[in-house]
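A.B. asks: Take a look at the following structure, please.
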Amino acid sequence: MAIVLGDNRYGKAENRLVRVDREGDEHRITDLTVSVSLSGDMSDTHLTGANDKVLATDTQKNTVFAFARDGIGEIEDFALRLARHFVSTQESIHAARVGIVAHPWERLRVGGRPAHHSFARSGAGTRTTRVTYDGERAWVLGGVEDLTVLNSTGSEFWGFPRDEYTTLVEVKDRILATAVSATWRYSVEEADWAHAHETALATLLDAFGGTHSQSLQQTLYAMGQAVLEAIPEIAEIRFSLPNKHHFLVDLEPFGLDNPGEVFYAADRPYGLIEGTVLRDDAPPAGPAWS
Ligand SMILES: O=c1[nH]c(=O)c2[nH]c(=O)[nH]c2[nH]1
């Protein structure tokens, strides 16, 4: 028996980067969390402690900030620039993964007008990307996290199996709420990323609101199908959807009825509905998800 080094990668995770772009008095904020992860010829550092092939994670962090000096642009492009840089400048680095989460800020209104330099953190979903580059080609993921949505009707759940442990009552009208985490895989290395993201987001929301749902699973598929139909450059989309249960409160002990108006919004446990929707002729994902 021999013991060998398996897969490994290393990098600087969660670099918090804020850039202010100024056009006269008017400012724009880009607020990112950037994670870098590199892999390659890293046997020596693990086996002998020789670090001559290890681009320090501190250098990786500095590179993120230095690259931001000349502008960030779309997060997908920023991630591509960084990933290509690490692989093309360091012989020992064979692959780079750069993940970015963009934290949204909304311009405040001050004195009834859009403020020049005042913002509030907005809560409507967080844009994400992850780029993997192997020296030859790049794989680009886009996505959204924490997009909390709710339908106050138009949702049913019934017809499920009943066994000795089943207490859930069948319903033809319920609240359906979730915090959408979706990650989609582009089949291209270049695109109008901003437009694709906006379209994906608008399509997701439209499908969520527009689907009369028999289950969150059905809504998941409807959202995925709509995104793939709307954006030819997206090959595959993966969802993680917590079912944010809203239970009708029993008001009978207080001598009151509850005609579907008062709910307890449960925190946990929650159903977790996960699934992938993809084109049957989708190109191979390569290392995109790994
Ligand atoms: O949309 C739903 N899917 C389920 O699988 C499920 N299971 C459950 O208890 N409630 C729900 N709702």
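Letters for chains follow the order of the structure tokens (A, B, ...), residue numbers begin at 1 for each chain, and ligand numbers begin at 1 in the order shown.
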Would you mind listing what lies within 8 Å of region 92-107 of chain A as a ChimeraX atom specification, with only C-alpha atoms counted and same-chain residues fewer than 5 positions away left out?
C.D. replies: /A:29-42,53-54,75,79-80,82-84,86-87,114-135
A.B. asks: Could you give me, as a tab-separated table, a per-residue list for chain A showing, wherever an atom lies at most 12 Å from an atom of ligand 1, the closest pair of atoms and their distance in Å to one decimal, using only C-alpha atoms and all ligand atoms and sorting by chain then residue number from low to high?
C.D. replies:
```
residue	atom	partner	partner_atom_place_in_ligand_line	distance
A:Gly154	CA	ligand 1	1 (O)	11.9
A:Ser155	CA	ligand 1	1 (O)	8.3
A:Glu156	CA	ligand 1	1 (O)	7.7
A:Phe157	CA	ligand 1	12 (N)	5.8
A:Trp158	CA	ligand 1	12 (N)	8.6
A:Gly159	CA	ligand 1	6 (C)	10.7
A:Phe160	CA	ligand 1	7 (N)	8.3
A:Pro161	CA	ligand 1	7 (N)	10.5
A:Arg162	CA	ligand 1	9 (O)	11.2
A:Tyr165	CA	ligand 1	9 (O)	11.7
A:Thr166	CA	ligand 1	9 (O)	9.2
A:Thr167	CA	ligand 1	9 (O)	9.3
A:Leu168	CA	ligand 1	9 (O)	6.6
A:Val169	CA	ligand 1	9 (O)	9.1
A:Glu170	CA	ligand 1	10 (N)	9.3
A:Val171	CA	ligand 1	10 (N)	9.8
A:Lys172	CA	ligand 1	12 (N)	11.6
A:Asp173	CA	ligand 1	1 (O)	11.8
A:Arg174	CA	ligand 1	12 (N)	9.8
A:Ile175	CA	ligand 1	1 (O)	10.2
A:Leu176	CA	ligand 1	1 (O)	7.8
A:Ala177	CA	ligand 1	1 (O)	9.7
A:Thr178	CA	ligand 1	1 (O)	10.3
A:His212	CA	ligand 1	1 (O)	11.7
A:Ser213	CA	ligand 1	1 (O)	8.0
A:Gln214	CA	ligand 1	1 (O)	6.8
A:Ser215	CA	ligand 1	1 (O)	3.4
A:Leu216	CA	ligand 1	1 (O)	3.7
A:Gln217	CA	ligand 1	1 (O)	6.0
A:Gln218	CA	ligand 1	1 (O)	7.8
A:Thr219	CA	ligand 1	1 (O)	8.4
A:Leu220	CA	ligand 1	1 (O)	9.6
A:Tyr221	CA	ligand 1	1 (O)	11.9
A:Leu241	CA	ligand 1	1 (O)	10.0
A:Pro242	CA	ligand 1	1 (O)	9.9
A:Asn243	CA	ligand 1	12 (N)	6.9
A:Lys244	CA	ligand 1	12 (N)	9.5
A:His245	CA	ligand 1	10 (N)	8.0
A:His246	CA	ligand 1	10 (N)	10.5
A:Phe247	CA	ligand 1	10 (N)	10.9
A:Pro269	CA	ligand 1	9 (O)	10.6
A:Tyr270	CA	ligand 1	9 (O)	8.8
A:Gly271	CA	ligand 1	7 (N)	6.4
A:Leu272	CA	ligand 1	5 (O)	8.2
A:Ile273	CA	ligand 1	5 (O)	7.1
A:Glu274	CA	ligand 1	5 (O)	10.3
```
A.B. asks: Go ahead and write the residues just picked, C-alpha atoms, as a compact mmCIF listing (two decimals), in the first residue's frame.
C.D. replies:
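File written: again.txt
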```
# COMPACT_ATOMS: atom_id res chain seq x y z
CA GLY A 154 -51.95 29.65 -7.07
CA SER A 155 -50.24 26.76 -5.30
CA GLU A 156 -51.56 23.30 -4.40
CA PHE A 157 -50.05 20.17 -2.92
CA TRP A 158 -52.10 16.98 -2.90
CA GLY A 159 -52.13 13.42 -4.24
CA PHE A 160 -49.00 12.39 -2.33
CA PRO A 161 -48.75 8.91 -0.75
CA ARG A 162 -50.13 8.44 2.75
CA TYR A 165 -46.56 8.64 9.49
CA THR A 166 -48.43 11.02 7.18
CA THR A 167 -50.26 13.89 8.84
CA LEU A 168 -49.97 16.54 6.10
CA VAL A 169 -53.36 17.73 4.92
CA GLU A 170 -53.93 17.97 1.17
CA VAL A 171 -54.34 21.57 0.04
CA LYS A 172 -55.71 23.21 -3.12
CA ASP A 173 -54.69 26.69 -2.06
CA ARG A 174 -51.58 27.54 -0.10
CA ILE A 175 -48.75 30.04 0.12
CA LEU A 176 -45.71 29.05 -1.91
CA ALA A 177 -42.50 30.78 -0.88
CA THR A 178 -38.84 30.09 -1.47
CA HIS A 212 -50.09 27.58 -11.14
CA SER A 213 -48.14 25.11 -9.05
CA GLN A 214 -48.95 21.57 -7.96
CA SER A 215 -45.59 21.33 -6.20
CA LEU A 216 -42.41 23.33 -5.78
CA GLN A 217 -40.80 20.65 -7.95
CA GLN A 218 -43.15 21.60 -10.81
CA THR A 219 -42.34 25.28 -10.31
CA LEU A 220 -38.60 24.45 -10.37
CA TYR A 221 -38.94 22.75 -13.74
CA LEU A 241 -35.17 25.81 -3.42
CA PRO A 242 -35.99 25.80 0.30
CA ASN A 243 -39.74 25.44 0.72
CA LYS A 244 -40.52 28.26 3.15
CA HIS A 245 -43.55 26.71 4.79
CA HIS A 246 -46.44 28.93 5.85
CA PHE A 247 -48.82 27.08 8.14
CA PRO A 269 -37.20 22.46 9.21
CA TYR A 270 -37.87 23.26 5.59
CA GLY A 271 -38.38 21.12 2.51
CA LEU A 272 -35.36 21.42 0.24
CA ILE A 273 -36.18 20.94 -3.42
CA GLU A 274 -33.15 20.62 -5.71
```
A.B. asks: Using the chain letters and numbers from this document, which residues of region 55-106 of chain A does DSSP assign to strand (DSSP E), as a VMD selection string?
C.D. replies: chain A and resid 93 to 102 105 to 106
A.B. asks: What would the file look like if the residues just selected were written as a PDB file, in the first residue's frame with C-alpha atoms?
C.D. replies:
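The resulting selection-v2.pdb:
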```pdb
ATOM      1  CA  ILE A  93      -0.755  26.750 -12.025  1.00  0.00           C
ATOM      2  CA  HIS A  94      -2.751  24.627 -14.464  1.00  0.00           C
ATOM      3  CA  ALA A  95      -6.289  25.650 -13.592  1.00  0.00           C
ATOM      4  CA  ALA A  96      -7.965  28.569 -11.877  1.00  0.00           C
ATOM      5  CA  ARG A  97     -11.414  28.979 -10.451  1.00  0.00           C
ATOM      6  CA  VAL A  98     -12.719  32.437  -9.623  1.00  0.00           C
ATOM      7  CA  GLY A  99     -16.061  32.803  -7.890  1.00  0.00           C
ATOM      8  CA  ILE A 100     -17.732  36.173  -7.383  1.00  0.00           C
ATOM      9  CA  VAL A 101     -20.789  37.229  -5.416  1.00  0.00           C
ATOM     10  CA  ALA A 102     -22.052  40.751  -6.234  1.00  0.00           C
ATOM     11  CA  TRP A 105     -26.857  48.403  -3.568  1.00  0.00           C
ATOM     12  CA  GLU A 106     -29.741  50.648  -4.527  1.00  0.00           C
TER      13      GLU A 106
END
```
A.B. asks: Figure out the distance between CA of Gly71 (chain A) and CA of Leu17 (chain A), please, to one decimal in Å.
C.D. replies: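 The value is 11.9 Å.
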A.B. asks: What does the structure give for the distance between CA of Ser240 (chain A) and CA of Ser181 (chain A), in Å to one decimal?
C.D. replies: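 Going from CA of Ser240 (chain A) over to CA of Ser181 (chain A), I get 5.2 Å.
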A.B. asks: Using DSSP on the backbone, list every residue of region 96-265 of chain A that comes out as helix (DSSP H, G or I), and give them as a PyMOL selection string.
C.D. replies: chain A and resi 193-210+216-230+252-254
A.B. asks: What gap, in Å, lies between CA of Arg137 (chain A) and CA of Gly224 (chain A)?
C.D. replies: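 Separating CA of Arg137 (chain A) from CA of Gly224 (chain A) is a distance of 25.8 Å.
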A.B. asks: For Asp52 (chain A), please output as a PyMOL selection string all residues within 12 Å (counting only C-alpha atoms; exclusion window: fewer than 3 positions along the same chain).
C.D. replies: chain A and resi 41-46+48-49+55-56+90-93
